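Below is the file data36.txt, which contains compact mmCIF, N, CA and C atoms.
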# COMPACT_ATOMS: atom_id res chain seq x y z
N MET L 274 119.76 61.88 130.74
CA MET L 274 120.67 63.00 130.81
C MET L 274 122.07 62.47 131.13
N ASP L 275 123.03 62.93 130.36
CA ASP L 275 124.41 62.52 130.57
C ASP L 275 124.92 63.12 131.88
N ARG L 276 125.52 62.29 132.71
CA ARG L 276 126.03 62.73 134.02
C ARG L 276 127.56 62.72 134.07
N SER L 277 128.22 62.85 132.93
CA SER L 277 129.68 62.86 132.95
C SER L 277 130.15 64.08 133.74
N PRO L 278 131.30 63.97 134.39
CA PRO L 278 131.83 65.13 135.14
C PRO L 278 132.00 66.37 134.25
N ALA L 279 132.40 66.18 133.01
CA ALA L 279 132.60 67.31 132.10
C ALA L 279 131.27 68.03 131.84
N LEU L 280 130.21 67.26 131.58
CA LEU L 280 128.92 67.90 131.30
C LEU L 280 128.30 68.49 132.55
N GLU L 281 128.51 67.86 133.68
CA GLU L 281 128.01 68.45 134.94
C GLU L 281 128.70 69.79 135.19
N ALA L 282 130.01 69.85 134.98
CA ALA L 282 130.73 71.11 135.14
C ALA L 282 130.26 72.13 134.11
N ALA L 283 130.02 71.69 132.88
CA ALA L 283 129.55 72.60 131.83
C ALA L 283 128.18 73.18 132.21
N ARG L 284 127.33 72.37 132.80
CA ARG L 284 126.02 72.87 133.24
C ARG L 284 126.18 73.93 134.34
N ARG L 285 127.12 73.71 135.24
CA ARG L 285 127.37 74.72 136.28
C ARG L 285 127.90 76.01 135.67
N VAL L 286 128.81 75.88 134.71
CA VAL L 286 129.39 77.04 134.06
C VAL L 286 128.31 77.83 133.30
N CYS L 287 127.37 77.13 132.70
CA CYS L 287 126.32 77.78 131.91
C CYS L 287 125.09 78.12 132.74
N ALA L 288 125.19 78.04 134.05
CA ALA L 288 124.03 78.24 134.93
C ALA L 288 123.44 79.63 134.82
N ARG L 289 124.24 80.63 134.50
CA ARG L 289 123.69 81.99 134.43
C ARG L 289 122.66 82.09 133.32
N VAL L 290 122.74 81.25 132.29
CA VAL L 290 121.75 81.26 131.22
C VAL L 290 120.46 80.62 131.73
N ASN L 291 120.60 79.48 132.38
CA ASN L 291 119.42 78.76 132.88
C ASN L 291 118.78 79.46 134.06
N GLY L 292 119.54 80.30 134.77
CA GLY L 292 119.05 80.91 135.99
C GLY L 292 118.24 82.17 135.77
N ARG L 293 118.03 82.56 134.55
CA ARG L 293 117.25 83.78 134.34
C ARG L 293 115.79 83.51 134.66
N GLY L 294 115.18 84.45 135.30
CA GLY L 294 113.81 84.26 135.77
C GLY L 294 112.78 84.64 134.72
N PRO L 295 111.49 84.41 135.05
CA PRO L 295 110.43 84.79 134.13
C PRO L 295 110.43 86.30 133.91
N GLY L 296 110.03 86.69 132.72
CA GLY L 296 109.97 88.11 132.43
C GLY L 296 111.25 88.66 131.82
N HIS L 297 112.30 87.86 131.76
CA HIS L 297 113.53 88.30 131.14
C HIS L 297 113.45 88.05 129.64
N ALA L 298 114.01 88.94 128.89
CA ALA L 298 113.98 88.81 127.43
C ALA L 298 114.97 87.76 126.97
N ASP L 299 114.69 87.22 125.78
CA ASP L 299 115.62 86.27 125.19
C ASP L 299 116.98 86.92 124.96
N ASP L 300 117.00 88.24 124.77
CA ASP L 300 118.27 88.96 124.62
C ASP L 300 119.14 88.80 125.86
N ASP L 301 118.51 88.71 127.03
CA ASP L 301 119.27 88.49 128.27
C ASP L 301 119.95 87.13 128.25
N ALA L 302 119.23 86.12 127.77
CA ALA L 302 119.81 84.78 127.68
C ALA L 302 120.95 84.75 126.68
N ALA L 303 120.76 85.42 125.54
CA ALA L 303 121.82 85.48 124.53
C ALA L 303 123.05 86.18 125.10
N ALA L 304 122.84 87.26 125.84
CA ALA L 304 123.96 87.98 126.46
C ALA L 304 124.65 87.10 127.49
N ALA L 305 123.88 86.27 128.21
CA ALA L 305 124.47 85.38 129.19
C ALA L 305 125.33 84.31 128.51
N VAL L 306 124.85 83.75 127.40
CA VAL L 306 125.64 82.76 126.65
C VAL L 306 126.93 83.42 126.14
N ASP L 307 126.79 84.61 125.56
CA ASP L 307 127.98 85.32 125.08
C ASP L 307 128.94 85.61 126.22
N GLY L 308 128.39 85.91 127.40
CA GLY L 308 129.23 86.15 128.57
C GLY L 308 130.02 84.93 128.97
N VAL L 309 129.39 83.75 128.90
CA VAL L 309 130.10 82.50 129.22
C VAL L 309 131.27 82.32 128.26
N ILE L 310 131.00 82.48 126.96
CA ILE L 310 132.05 82.28 125.97
C ILE L 310 133.17 83.32 126.15
N SER L 311 132.80 84.56 126.41
CA SER L 311 133.81 85.61 126.63
C SER L 311 134.62 85.35 127.90
N ASP L 312 133.94 84.93 128.97
CA ASP L 312 134.65 84.61 130.21
C ASP L 312 135.63 83.46 130.01
N LEU L 313 135.22 82.45 129.24
CA LEU L 313 136.13 81.33 128.98
C LEU L 313 137.35 81.79 128.19
N ARG L 314 137.13 82.63 127.19
CA ARG L 314 138.27 83.17 126.42
C ARG L 314 139.22 83.91 127.35
N GLY L 315 138.66 84.79 128.18
CA GLY L 315 139.48 85.58 129.08
C GLY L 315 140.15 84.76 130.17
N GLY L 316 139.49 83.69 130.60
CA GLY L 316 140.03 82.88 131.68
C GLY L 316 141.00 81.80 131.24
N LEU L 317 140.78 81.24 130.06
CA LEU L 317 141.64 80.15 129.60
C LEU L 317 142.84 80.63 128.77
N SER L 318 142.66 81.70 128.01
CA SER L 318 143.75 82.16 127.14
C SER L 318 145.05 82.44 127.88
N PRO L 319 145.02 83.05 129.08
CA PRO L 319 146.30 83.25 129.77
C PRO L 319 147.00 81.94 130.14
N TRP L 320 146.25 80.88 130.32
CA TRP L 320 146.84 79.59 130.71
C TRP L 320 147.32 78.78 129.52
N ILE L 321 146.53 78.80 128.44
CA ILE L 321 146.86 77.93 127.31
C ILE L 321 147.26 78.69 126.06
N GLY L 322 147.12 80.02 126.07
CA GLY L 322 147.45 80.84 124.91
C GLY L 322 146.23 81.06 124.03
N ALA L 323 146.23 82.19 123.33
CA ALA L 323 145.09 82.56 122.49
C ALA L 323 144.89 81.59 121.33
N ASP L 324 145.98 81.14 120.71
CA ASP L 324 145.84 80.20 119.59
C ASP L 324 145.31 78.86 120.06
N ALA L 325 145.80 78.39 121.19
CA ALA L 325 145.32 77.11 121.72
C ALA L 325 143.85 77.22 122.13
N TYR L 326 143.46 78.38 122.70
CA TYR L 326 142.05 78.58 123.05
C TYR L 326 141.19 78.51 121.79
N SER L 327 141.61 79.20 120.73
CA SER L 327 140.84 79.19 119.48
C SER L 327 140.72 77.78 118.92
N ALA L 328 141.80 77.03 118.96
CA ALA L 328 141.76 75.65 118.47
C ALA L 328 140.84 74.79 119.35
N LEU L 329 140.92 74.98 120.65
CA LEU L 329 140.06 74.24 121.59
C LEU L 329 138.59 74.55 121.32
N LEU L 330 138.26 75.81 121.14
CA LEU L 330 136.88 76.21 120.86
C LEU L 330 136.41 75.62 119.53
N ARG L 331 137.22 75.76 118.49
CA ARG L 331 136.85 75.22 117.17
C ARG L 331 136.60 73.72 117.24
N ARG L 332 137.49 73.02 117.90
CA ARG L 332 137.37 71.57 118.01
C ARG L 332 136.11 71.17 118.79
N SER L 333 135.81 71.92 119.84
CA SER L 333 134.64 71.63 120.65
C SER L 333 133.35 71.92 119.88
N ILE L 334 133.36 72.98 119.10
CA ILE L 334 132.20 73.31 118.26
C ILE L 334 132.01 72.23 117.20
N GLN L 335 133.10 71.82 116.56
CA GLN L 335 133.00 70.77 115.54
C GLN L 335 132.45 69.48 116.13
N GLY L 336 132.88 69.14 117.33
CA GLY L 336 132.42 67.91 117.96
C GLY L 336 130.95 67.94 118.35
N ALA L 337 130.44 69.12 118.63
CA ALA L 337 129.04 69.24 119.08
C ALA L 337 128.08 69.62 117.97
N SER L 338 128.57 70.06 116.82
CA SER L 338 127.69 70.61 115.79
C SER L 338 126.73 69.58 115.21
N GLY L 339 127.09 68.32 115.18
CA GLY L 339 126.17 67.29 114.67
C GLY L 339 124.93 67.14 115.54
N ARG L 340 125.09 67.31 116.83
CA ARG L 340 123.96 67.20 117.77
C ARG L 340 123.28 68.54 117.99
N HIS L 341 123.96 69.62 117.64
CA HIS L 341 123.44 70.98 117.89
C HIS L 341 123.67 71.84 116.64
N PRO L 342 122.80 71.67 115.63
CA PRO L 342 122.99 72.41 114.37
C PRO L 342 122.97 73.93 114.52
N VAL L 343 122.40 74.43 115.62
CA VAL L 343 122.38 75.88 115.86
C VAL L 343 123.81 76.44 115.90
N LEU L 344 124.79 75.61 116.22
CA LEU L 344 126.17 76.08 116.30
C LEU L 344 126.68 76.62 114.96
N GLU L 345 126.10 76.16 113.86
CA GLU L 345 126.52 76.66 112.55
C GLU L 345 126.19 78.13 112.37
N GLU L 346 125.23 78.64 113.14
CA GLU L 346 124.82 80.03 113.03
C GLU L 346 125.53 80.95 114.01
N LEU L 347 126.31 80.39 114.90
CA LEU L 347 126.97 81.17 115.95
C LEU L 347 128.43 81.40 115.60
N ASP L 348 128.90 82.59 115.87
CA ASP L 348 130.31 82.90 115.66
C ASP L 348 130.92 83.23 117.02
N TRP L 349 131.27 82.20 117.74
CA TRP L 349 131.83 82.37 119.07
C TRP L 349 133.34 82.55 119.03
N GLU L 350 133.92 82.51 117.82
CA GLU L 350 135.36 82.73 117.71
C GLU L 350 135.72 84.21 117.65
N THR L 351 134.74 85.06 117.41
CA THR L 351 134.99 86.50 117.41
C THR L 351 134.90 87.00 118.85
N HIS L 352 135.46 88.17 119.06
CA HIS L 352 135.36 88.76 120.40
C HIS L 352 134.83 90.17 120.25
N PRO L 353 133.63 90.46 120.70
CA PRO L 353 132.71 89.59 121.42
C PRO L 353 132.04 88.59 120.47
N PRO L 354 131.51 87.49 121.05
CA PRO L 354 130.82 86.48 120.23
C PRO L 354 129.68 87.12 119.43
N ALA L 355 129.35 86.52 118.30
CA ALA L 355 128.31 87.09 117.43
C ALA L 355 127.28 86.03 117.03
N GLY L 356 126.10 86.51 116.70
CA GLY L 356 125.05 85.63 116.17
C GLY L 356 124.15 85.01 117.22
N THR L 357 124.44 85.22 118.48
CA THR L 357 123.69 84.53 119.53
C THR L 357 122.26 85.05 119.65
N VAL L 358 122.07 86.36 119.58
CA VAL L 358 120.72 86.93 119.69
C VAL L 358 119.83 86.38 118.58
N ALA L 359 120.33 86.38 117.35
CA ALA L 359 119.55 85.87 116.23
C ALA L 359 119.27 84.38 116.38
N ALA L 360 120.24 83.62 116.85
CA ALA L 360 120.05 82.18 117.03
C ALA L 360 119.01 81.89 118.11
N VAL L 361 119.03 82.66 119.20
CA VAL L 361 118.02 82.49 120.24
C VAL L 361 116.64 82.81 119.69
N ALA L 362 116.53 83.87 118.89
CA ALA L 362 115.24 84.24 118.31
C ALA L 362 114.72 83.15 117.37
N ARG L 363 115.61 82.52 116.61
CA ARG L 363 115.20 81.48 115.65
C ARG L 363 114.97 80.12 116.29
N HIS L 364 115.82 79.75 117.25
CA HIS L 364 115.81 78.37 117.76
C HIS L 364 115.36 78.25 119.21
N GLY L 365 115.35 79.36 119.92
CA GLY L 365 114.93 79.34 121.32
C GLY L 365 116.12 79.25 122.27
N VAL L 366 115.85 79.69 123.49
CA VAL L 366 116.88 79.71 124.53
C VAL L 366 117.41 78.31 124.81
N GLU L 367 116.53 77.33 124.89
CA GLU L 367 116.96 75.98 125.27
C GLU L 367 117.95 75.40 124.26
N ALA L 368 117.69 75.58 122.97
CA ALA L 368 118.60 75.04 121.95
C ALA L 368 119.98 75.67 122.04
N VAL L 369 120.03 76.99 122.23
CA VAL L 369 121.31 77.68 122.30
C VAL L 369 122.03 77.33 123.61
N THR L 370 121.27 77.24 124.70
CA THR L 370 121.88 76.87 125.98
C THR L 370 122.43 75.45 125.92
N ASP L 371 121.67 74.52 125.34
CA ASP L 371 122.15 73.14 125.21
C ASP L 371 123.42 73.08 124.37
N ALA L 372 123.48 73.90 123.32
CA ALA L 372 124.68 73.95 122.49
C ALA L 372 125.86 74.49 123.28
N CYS L 373 125.61 75.50 124.10
CA CYS L 373 126.67 76.09 124.94
C CYS L 373 127.20 75.03 125.91
N VAL L 374 126.30 74.29 126.54
CA VAL L 374 126.72 73.24 127.48
C VAL L 374 127.55 72.19 126.74
N ALA L 375 127.12 71.81 125.55
CA ALA L 375 127.87 70.81 124.77
C ALA L 375 129.27 71.30 124.42
N VAL L 376 129.38 72.55 124.02
CA VAL L 376 130.69 73.11 123.65
C VAL L 376 131.59 73.20 124.88
N VAL L 377 131.07 73.70 125.99
CA VAL L 377 131.88 73.81 127.21
C VAL L 377 132.28 72.41 127.69
N GLY L 378 131.36 71.46 127.63
CA GLY L 378 131.69 70.08 128.00
C GLY L 378 132.78 69.51 127.10
N GLY L 379 132.71 69.82 125.81
CA GLY L 379 133.75 69.38 124.88
C GLY L 379 135.09 70.00 125.19
N MET L 380 135.07 71.28 125.57
CA MET L 380 136.33 71.95 125.94
C MET L 380 136.96 71.24 127.15
N ILE L 381 136.13 70.91 128.12
CA ILE L 381 136.64 70.23 129.31
C ILE L 381 137.20 68.87 128.92
N ASP L 382 136.49 68.13 128.07
CA ASP L 382 136.97 66.81 127.64
C ASP L 382 138.31 66.91 126.92
N HIS L 383 138.44 67.89 126.03
CA HIS L 383 139.71 68.06 125.30
C HIS L 383 140.84 68.47 126.24
N LEU L 384 140.56 69.40 127.13
CA LEU L 384 141.59 69.80 128.10
C LEU L 384 141.99 68.63 129.00
N ALA L 385 141.02 67.81 129.36
CA ALA L 385 141.28 66.69 130.26
C ALA L 385 142.30 65.71 129.67
N ARG L 386 142.36 65.61 128.38
CA ARG L 386 143.33 64.72 127.74
C ARG L 386 144.76 65.17 127.98
N VAL L 387 144.91 66.47 128.24
CA VAL L 387 146.25 67.03 128.44
C VAL L 387 146.57 67.17 129.92
N VAL L 388 145.63 67.70 130.70
CA VAL L 388 145.93 68.03 132.10
C VAL L 388 145.15 67.18 133.11
N GLY L 389 144.33 66.27 132.63
CA GLY L 389 143.53 65.44 133.52
C GLY L 389 142.17 66.08 133.78
N PRO L 390 141.18 65.27 134.12
CA PRO L 390 139.82 65.78 134.26
C PRO L 390 139.63 66.79 135.39
N HIS L 391 140.24 66.55 136.53
CA HIS L 391 140.07 67.47 137.66
C HIS L 391 140.62 68.85 137.33
N MET L 392 141.82 68.91 136.78
CA MET L 392 142.43 70.19 136.43
C MET L 392 141.65 70.87 135.30
N ALA L 393 141.17 70.12 134.33
CA ALA L 393 140.40 70.70 133.24
C ALA L 393 139.13 71.37 133.76
N ILE L 394 138.42 70.69 134.64
CA ILE L 394 137.21 71.26 135.22
C ILE L 394 137.57 72.50 136.02
N GLN L 395 138.63 72.43 136.78
CA GLN L 395 139.03 73.57 137.60
C GLN L 395 139.41 74.78 136.74
N LEU L 396 140.14 74.56 135.65
CA LEU L 396 140.52 75.66 134.77
C LEU L 396 139.30 76.34 134.16
N VAL L 397 138.34 75.52 133.71
CA VAL L 397 137.14 76.08 133.09
C VAL L 397 136.28 76.79 134.13
N GLU L 398 136.07 76.16 135.28
CA GLU L 398 135.21 76.78 136.29
C GLU L 398 135.81 78.07 136.85
N GLN L 399 137.11 78.13 136.99
CA GLN L 399 137.69 79.36 137.54
C GLN L 399 137.63 80.51 136.52
N SER L 400 137.33 80.21 135.27
CA SER L 400 137.19 81.25 134.26
C SER L 400 135.88 82.01 134.39
N ILE L 401 134.91 81.41 135.08
CA ILE L 401 133.59 82.00 135.23
C ILE L 401 133.47 82.59 136.63
N PRO L 402 133.11 83.85 136.74
CA PRO L 402 132.93 84.42 138.08
C PRO L 402 131.97 83.58 138.91
N ARG L 403 132.29 83.34 140.17
CA ARG L 403 131.51 82.46 141.04
C ARG L 403 130.02 82.83 141.07
N ARG L 404 129.71 84.12 141.01
CA ARG L 404 128.31 84.54 141.09
C ARG L 404 127.50 84.02 139.91
N HIS L 405 128.16 83.60 138.84
CA HIS L 405 127.45 83.12 137.66
C HIS L 405 127.37 81.61 137.58
N ARG L 406 128.02 80.90 138.49
CA ARG L 406 128.01 79.44 138.46
C ARG L 406 126.91 78.92 139.37
N ALA L 407 126.42 77.73 139.04
CA ALA L 407 125.47 77.05 139.93
C ALA L 407 126.24 76.60 141.16
N ALA L 408 125.54 76.46 142.25
CA ALA L 408 126.19 76.00 143.48
C ALA L 408 126.77 74.61 143.26
N ALA L 409 127.99 74.42 143.72
CA ALA L 409 128.64 73.13 143.61
C ALA L 409 128.05 72.17 144.63
N GLY L 410 127.93 70.95 144.22
CA GLY L 410 127.46 69.91 145.14
C GLY L 410 128.59 69.51 146.07
N PRO L 411 128.31 68.63 147.02
CA PRO L 411 129.33 68.22 147.99
C PRO L 411 130.58 67.63 147.34
N GLU L 412 130.40 66.88 146.26
CA GLU L 412 131.55 66.26 145.58
C GLU L 412 132.46 67.33 144.98
N GLU L 413 131.86 68.32 144.31
CA GLU L 413 132.66 69.37 143.70
C GLU L 413 133.34 70.24 144.75
N GLU L 414 132.67 70.50 145.87
CA GLU L 414 133.25 71.34 146.90
C GLU L 414 134.48 70.69 147.51
N ARG L 415 134.48 69.37 147.61
CA ARG L 415 135.65 68.69 148.17
C ARG L 415 136.86 68.84 147.27
N HIS L 416 136.64 68.97 145.94
CA HIS L 416 137.75 69.04 145.00
C HIS L 416 138.16 70.46 144.67
N ALA L 417 137.42 71.43 145.12
CA ALA L 417 137.72 72.83 144.77
C ALA L 417 138.92 73.35 145.51

Output the file's structure in the form of structure tokens.
Amino acid sequence: MDRSPALEAARRVCARVNGRGPGHADDDAAAAVDGVISDLRGGLSPWIGADAYSALLRRSIQGASGRHPVLEELDWETHPPAGTVAAVARHGVEAVTDACVAVVGGMIDHLARVVGPHMAIQLVEQSIPRRHRAAAGPEEERHA
């Protein structure tokens, strides 16, 4: 498992998808993935602009699509995101969640080239309501 700071932060950001308990429908997981993408749009666009957010998302999807072919079926550039329920039904929650983590990790990596890794992680994490993030470890808490 890759332990890069960007992917660790992406896993925390996508925790609401992984945190669903037994008995929840796949539609709940799809809604959680769509929520992550919508929260990122709403949280990052005021800082970097809507066009820059769209470019960042497109670039991150392009970078991850070779490892996560399910991304070809998802339209996360629309608001609200589309195609996630069908993709979860066809490929399963794990495939869509892994793709979400890869895209969010790519967004952090791309942002880090401009503002540095710490600020990139902070910008992405603050876009997600705290109740939806995984608990930060001691290292992350020191930097928050």

Item to check | Atomic separation - atom CA of Trp320 of chain L relative to atom N of Gly379 of chain L, Å | outcome: 17.9 Å

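Note that atom CA of Pro390 of chain L and atom C of Trp349 of chain L are 23.6 Å apart.
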
Next on the checklist: Rounded to one decimal, what separation in Å do you get between atom CA of Leu396 of chain L and atom CA of Ser333 of chain L?
Outcome noted: 15.8 Å

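Comparing the minimum interatomic distances between Asp348 of chain L and each of L:Asp307, L:Leu384, L:Gly315, L:Asp324, counting only C-alpha atoms, we find that L:Asp307 sits nearest.
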
Item to check | All residues 9 Å or closer to segment 355-372 of chain L, only C-alpha atoms, same chain fewer than 2 positions away omitted, as number ranges by chain | outcome: L: 284, 287, 290-291, 299-304, 306-307, 334, 337-338, 340-344, 346-353, 374-377

Let me know the centre plus edge lengths, in Å and rounded to one decimal, of a box with edges along x, y and z that contains all listed atoms of segment 374-386 of chain L and is padded by 8 Å on every side, as lines of an AutoDock Vina configuration file.
center_x = 135.5
center_y = 69.5
center_z = 127.0
size_x = 34.5
size_y = 25.6
size_z = 22.6

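The residue that comes closest to Ile321 of chain L, out of L:Ile401, L:Val388, L:Ile394, L:Ala283 and on the basis of only C-alpha atoms, is L:Val388.
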
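You can rank L:Ala328, L:Val397, L:Ala282, L:Met380 by their closest distance to Gly316 of chain L using all atoms listed in the file, and at the top of that list sits L:Val397.
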
Item to check | All alpha helix (DSSP H) positions in segment 277-416 of chain L, as a PyMOL selection string | outcome: chain L and resi 278-286+288-291+299-321+323-337+357-364+366-388+390-399+411-416
